[in-house]
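Inspection log for the structure reproduced underneath, given as structure tokens.
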Amino acid sequence: MLVLLSGVSGAGKDTIKKELIKRVENIESLPSYTDREIRPGEVAGEVYHFVSTKEFESMIQNGELYEYDVHHEHYYGTSKTLMRQKIESGKIIVKDMDVNGTENLKKILANDVKIVTIFLRVPKEELQRRLQNRIDKPSLKEIQLRLNRFDYEESKIGLYDYVLKNDDLEKTLQIIMTIIKGEYDLLQKQK
């Protein structure tokens, strides 16, 4: 089963994903590939595999990605090989994705794996506060880029199975764990 978490930058996708992995035994992350620089505190291969722009473009040309997009002036994409390995492991895969990636993966993988989509909402004012208080301290230009994308991301919530307001981390985590358990149990009954 593949769980796709989306929401604007700063909505809490990465925090929720990390907590799910800590708390639920059968959940693993699927790192994306990106050509952006590694940030302080990030571990290569945990959330992202960091490659050069040239390497990323080679992956595109060689058909190694299910989907990719340019987001905040950097490439992000999903490796076919990594995805297949994770699906075959039988684990529940949690991946944070932008709305375009979610739309693409739903089309491409719909017949191959059960996909559950969750969109995390956060008010624009709260988002701005979160972005300004991030540990990696984005520049004003980066913050503006992310805020400019807010309306576009919000316009795509119709793609999602579940839409949650993320204003209380613990409450949001409990709801998501309930969703995942319910969807997983339903999938097991259908087998």
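Residues in the structure tokens are named by chain (A, B, ... in the order shown) and by number from 1 within that chain; ligands are numbered from 1 in the order shown.
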
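Every protein, DNA or RNA residue with an atom at most 9 Å from Tyr48 (chain A), where only C-alpha atoms count and chain neighbours fewer than 2 positions away do not, is listed here: A:Leu30, A:Pro31, A:Ser32, A:Tyr33, A:Thr34, A:Ile38, A:Glu42, A:Val43, A:Ala44, A:Gly45, A:Glu46, A:Phe50, A:Tyr76.
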
Serialized selection, C-alpha atoms, as a short mmCIF file (atom, residue, chain, number, x, y, z; two decimals), in the first residue's frame:
```cif
data_model
loop_
_atom_site.label_atom_id
_atom_site.label_comp_id
_atom_site.auth_asym_id
_atom_site.auth_seq_id
_atom_site.Cartn_x
_atom_site.Cartn_y
_atom_site.Cartn_z
CA LEU A 30 10.24 6.19 -0.02
CA PRO A 31 12.95 8.81 -0.57
CA SER A 32 12.63 11.10 -3.59
CA TYR A 33 15.47 12.12 -5.83
CA THR A 34 16.33 15.83 -6.03
CA ILE A 38 21.37 19.01 1.17
CA GLU A 42 19.31 16.09 6.50
CA VAL A 43 20.70 12.61 5.92
CA ALA A 44 21.22 11.52 2.31
CA GLY A 45 18.94 8.58 1.47
CA GLU A 46 16.53 9.22 4.34
CA PHE A 50 20.75 14.09 -3.62
CA TYR A 76 12.10 16.17 -7.54
#
```

List the neighbours of Glu103 (chain A) out to 10 Å using only C-alpha atoms; skip same-chain residues closer than 2 positions along the sequence, and give me the result as a compact mmCIF listing (two decimals) with N, CA and C atoms, in the first residue's frame.
```txt
# COMPACT_ATOMS: atom_id res chain seq x y z
N GLU A 67 7.70 9.66 -12.09
CA GLU A 67 7.25 11.03 -12.27
C GLU A 67 8.35 11.94 -11.77
N MET A 97 4.57 14.10 -1.32
CA MET A 97 4.60 14.49 -2.73
C MET A 97 3.84 15.78 -2.94
N ASP A 98 4.24 16.49 -3.98
CA ASP A 98 3.43 17.65 -4.36
C ASP A 98 2.21 17.16 -5.13
N VAL A 99 1.28 18.06 -5.39
CA VAL A 99 0.02 17.67 -6.01
C VAL A 99 0.19 17.12 -7.42
N ASN A 100 1.16 17.64 -8.17
CA ASN A 100 1.39 17.13 -9.53
C ASN A 100 1.90 15.69 -9.48
N GLY A 101 2.82 15.41 -8.58
CA GLY A 101 3.35 14.06 -8.43
C GLY A 101 2.27 13.08 -8.00
N LEU A 105 1.26 9.81 -10.12
CA LEU A 105 1.40 8.46 -9.57
C LEU A 105 0.06 7.74 -9.50
N LYS A 106 -1.00 8.47 -9.21
CA LYS A 106 -2.33 7.84 -9.18
C LYS A 106 -2.68 7.26 -10.55
N LYS A 107 -2.35 7.98 -11.61
CA LYS A 107 -2.63 7.50 -12.96
C LYS A 107 -1.74 6.30 -13.32
N ILE A 108 -0.46 6.41 -13.01
CA ILE A 108 0.51 5.40 -13.43
C ILE A 108 0.38 4.10 -12.64
N THR A 117 -4.48 8.72 -0.62
CA THR A 117 -3.96 10.08 -0.71
C THR A 117 -4.52 10.95 0.42
N LYS A 156 -6.12 21.74 -5.80
CA LYS A 156 -6.04 20.33 -6.20
C LYS A 156 -6.56 19.37 -5.14
N LEU A 159 -8.38 15.87 -5.64
CA LEU A 159 -7.66 14.64 -6.01
C LEU A 159 -7.53 13.67 -4.84
N TYR A 160 -7.77 14.15 -3.64
CA TYR A 160 -7.39 13.41 -2.44
C TYR A 160 -8.54 12.64 -1.80
```

Apply DSSP to the backbone of this structure and, from region 40-76 of chain A, keep only the residues in strand (DSSP E or B); write these as a compact mmCIF listing (two decimals) with C-alpha atoms, in the first residue's frame.
```txt
# COMPACT_ATOMS: atom_id res chain seq x y z
CA TYR A 48 15.97 12.49 -0.38
CA HIS A 49 18.69 11.06 -2.58
CA PHE A 50 20.75 14.09 -3.62
CA LEU A 65 11.48 7.90 -12.90
CA TYR A 66 7.74 7.31 -12.53
CA GLU A 67 7.25 11.03 -12.27
CA TYR A 68 9.23 14.20 -11.74
CA ASP A 69 8.54 17.88 -11.41
CA VAL A 70 10.34 21.17 -10.95
CA HIS A 71 9.35 22.56 -7.58
CA HIS A 74 14.66 22.18 -8.28
CA TYR A 75 13.89 18.75 -9.70
CA TYR A 76 12.10 16.17 -7.54
```

Near-Leu145 (chain A) list (12 Å; only C-alpha atoms; drop same-chain fewer than 2 positions) as a PDB file with C-alpha atoms, in the first residue's frame:
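After the write, around_23.pdb holds the following:
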```pdb
ATOM      1  CA  VAL A   8       1.965  23.129   0.769  1.00  0.00           C
ATOM      2  CA  SER A   9       5.565  23.452   1.890  1.00  0.00           C
ATOM      3  CA  HIS A  71       9.349  22.561  -7.578  1.00  0.00           C
ATOM      4  CA  HIS A  72      10.869  25.725  -6.057  1.00  0.00           C
ATOM      5  CA  GLU A  73      13.424  25.753  -8.911  1.00  0.00           C
ATOM      6  CA  GLN A 128       4.010  31.871   6.673  1.00  0.00           C
ATOM      7  CA  LEU A 131       8.224  28.896   7.037  1.00  0.00           C
ATOM      8  CA  PRO A 138      14.587  29.799   3.981  1.00  0.00           C
ATOM      9  CA  SER A 139      15.307  33.154   2.345  1.00  0.00           C
ATOM     10  CA  LEU A 140      12.514  35.683   1.827  1.00  0.00           C
ATOM     11  CA  LYS A 141      12.563  34.720  -1.877  1.00  0.00           C
ATOM     12  CA  GLU A 142      12.074  31.029  -0.988  1.00  0.00           C
ATOM     13  CA  ILE A 143       9.264  31.845   1.444  1.00  0.00           C
ATOM     14  CA  LEU A 147       3.474  31.059  -0.460  1.00  0.00           C
ATOM     15  CA  ASN A 148       2.803  31.773  -4.151  1.00  0.00           C
ATOM     16  CA  ARG A 149       2.174  28.059  -4.684  1.00  0.00           C
ATOM     17  CA  PHE A 150      -0.388  27.917  -1.852  1.00  0.00           C
ATOM     18  CA  ASP A 151      -3.504  28.614  -3.981  1.00  0.00           C
ATOM     19  CA  TYR A 152      -2.425  26.179  -6.708  1.00  0.00           C
TER      20      TYR A 152
END
```

Inset, instruction - Per DSSP on the backbone, filter region 18-76 of chain A down to the residues in alpha helix (DSSP H) and report them as a list of chain:residue names. - result: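 These are the residues in question: A:Lys18, A:Glu19, A:Leu20, A:Ile21, A:Lys22, A:Arg23, A:Thr53, A:Lys54, A:Glu55, A:Phe56, A:Glu57, A:Ser58, A:Met59, A:Ile60, A:Gln61.
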
Inset, instruction - Tell me, as an MDAnalysis selection string, which residues lie within 9 Å of region 177-190 of chain A, counting only C-alpha atoms; anything in the same chain fewer than 4 positions away does not count. - result: chainID A and resid 1 3 20 24 92 114 116 162 172:173

Serialized selection, N, CA and C atoms, as a short mmCIF file (atom, residue, chain, number, x, y, z; two decimals), in the first residue's frame:
```cif
data_model
loop_
_atom_site.label_atom_id
_atom_site.label_comp_id
_atom_site.auth_asym_id
_atom_site.auth_seq_id
_atom_site.Cartn_x
_atom_site.Cartn_y
_atom_site.Cartn_z
N MET A 1 0.85 -1.18 0.00
CA MET A 1 0.00 0.00 0.00
C MET A 1 0.89 1.24 0.00
N VAL A 3 0.92 5.34 0.64
CA VAL A 3 0.23 6.48 1.23
C VAL A 3 0.97 7.73 0.77
N LEU A 20 5.12 8.75 11.81
CA LEU A 20 4.47 7.51 11.41
C LEU A 20 5.47 6.36 11.37
N VAL A 24 4.65 3.27 13.79
CA VAL A 24 3.97 2.14 13.16
C VAL A 24 5.02 1.22 12.53
N ILE A 92 3.98 -0.84 4.20
CA ILE A 92 3.18 0.33 3.85
C ILE A 92 4.18 1.45 3.57
N LYS A 114 -2.43 -0.38 -4.08
CA LYS A 114 -3.46 0.42 -3.40
C LYS A 114 -2.82 1.75 -3.01
N VAL A 116 -3.45 5.49 -1.19
CA VAL A 116 -4.27 6.31 -0.30
C VAL A 116 -3.66 7.71 -0.31
N TYR A 162 -8.51 11.94 1.44
CA TYR A 162 -8.70 12.56 2.76
C TYR A 162 -8.05 13.93 2.76
N THR A 172 -3.61 15.10 14.39
CA THR A 172 -3.46 14.76 12.98
C THR A 172 -2.83 13.38 12.82
N LEU A 173 -1.80 13.09 13.62
CA LEU A 173 -1.15 11.78 13.57
C LEU A 173 -2.13 10.66 13.91
#
```

Legend entry - Nearest candidate to Asp167 (chain A) (options A:Ala11, A:Leu82, A:Leu5, A:Val47; using only C-alpha atoms): A:Ala11

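The space between CA of Val163 (chain A) and CA of Asn111 (chain A) spans 23.0 Å.
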
Inset, instruction - Please indicate the distance in Å from CA of Glu64 (chain A) to CA of Thr81 (chain A), rounded to one decimal place. - result: 7.4 Å
